[in-house]
Amino acid sequence: MIPDMSFEMSGITSQWVRRFLPLIKAGGAVLDLACGQGRHSLLLAERGYKVEAVDRDAAALAGIAAQAPGVVTRVADLEGGLWPYHGRKFDGIVVTNYLFRPLLPTLLDALDINGVLIYETFMVGNERFGKPANPAFLLRRDELLDLVRPRLAVVAFEQGEVDFPRPAVVQRLCATGYSDQLLPP
């Protein structure tokens, strides 16, 4: 399969994220957490979502705003500061290549009752491929699944070694409040 290169300047968008975006309510409010250069923020905006992009890198956020003026950007230290979205609910939350365990319950609280969580990041075993190698930034086996399952319906879950876009060991999850969104095994 040829990867989506529509956001050449901001990197290749995740196939996992693209696969599950349609589950998010059309035109809904979506948080792109620790968005970096905004590859998913731009994809979400292109698909008609109301996007809130948050990261600690002000320059990266300025680049997103220049490419997609409708995307709301927010500079925030997600690990050392206060949660910048207290009381806000999102129809979707997208997280890729980021892990800060103390924030995980807060993310679930920020998801609207019928919202969709799309999460993809590194897990234990990735250290043999390079960074991240610190266990603080690597999910344990089934960690996302165990955290989410009591509160949301899991649509899809994968974990293990991948080759694209580079060799890595990852964990991926899509979960929703909609029970009718479950995919067959």
# chains A, B, ... in the order shown; residues from 1 in each chain; ligands from 1
$ select_by_dssp --residues "stretch 13-180 of chain A" --states "strand (DSSP E or B)" --output "number ranges by chain"
A: 29-33, 50-55, 72-75, 90-96, 111-123, 139, 153-162, 168-176
$ select_by_dssp --residues "chain A" --states "helix (DSSP H, G or I)" --output "PyMOL selection string"
chain A and resi 8-10+15-23+39-46+58-67+101-110+126-129+135-137+143-148+179-181
$ closest_residue --among "A:Phe137, A:Gln15, A:Pro69, A:Arg56" --to "A:Val162" --atoms "only C-alpha atoms"
A:Gln15
$ closest_residue --among "A:Ala59, A:Arg151, A:Cys174, A:Gln37" --to "A:Pro22" --atoms "only C-alpha atoms"
A:Cys174
$ residues_around --residues "A:Gly28" --least-positions-apart "2" --cutoff "6 Å" --atoms "only C-alpha atoms" --output "list in words"
Lys25, Ala26, Tyr49, Lys50 and Asp91 of chain A
$ residues_around --residues "stretch 61-68 of chain A" --least-positions-apart "4" --cutoff "8 Å" --atoms "only C-alpha atoms" --output "PyMOL selection string"
chain A and resi 36-38+41-42+45+53-55+57+72-75
$ closest_residue --among "A:Val95, A:Val71, A:Val155, A:Val17" --to "A:Gly177" --atoms "only C-alpha atoms"
A:Val155
$ atom_distance --atom1 "atom CA of A:Asn134" --atom2 "atom CA of A:Phe122"
10.5 Å
$ residues_around --residues "A:Leu107" --least-positions-apart "2" --cutoff "12 Å" --atoms "only C-alpha atoms" --output "ChimeraX atom specification"
/A:30-33,78,83-95,99-105,109-112,115-119,147-148,151
$ closest_residue --among "A:Val170, A:Ala60, A:Ala153, A:Leu145" --to "A:Glu120" --atoms "only C-alpha atoms"
A:Val170
$ closest_residue --among "A:Arg141, A:Arg149, A:Arg172, A:Arg166" --to "A:Thr121" --atoms "only C-alpha atoms"
A:Arg172
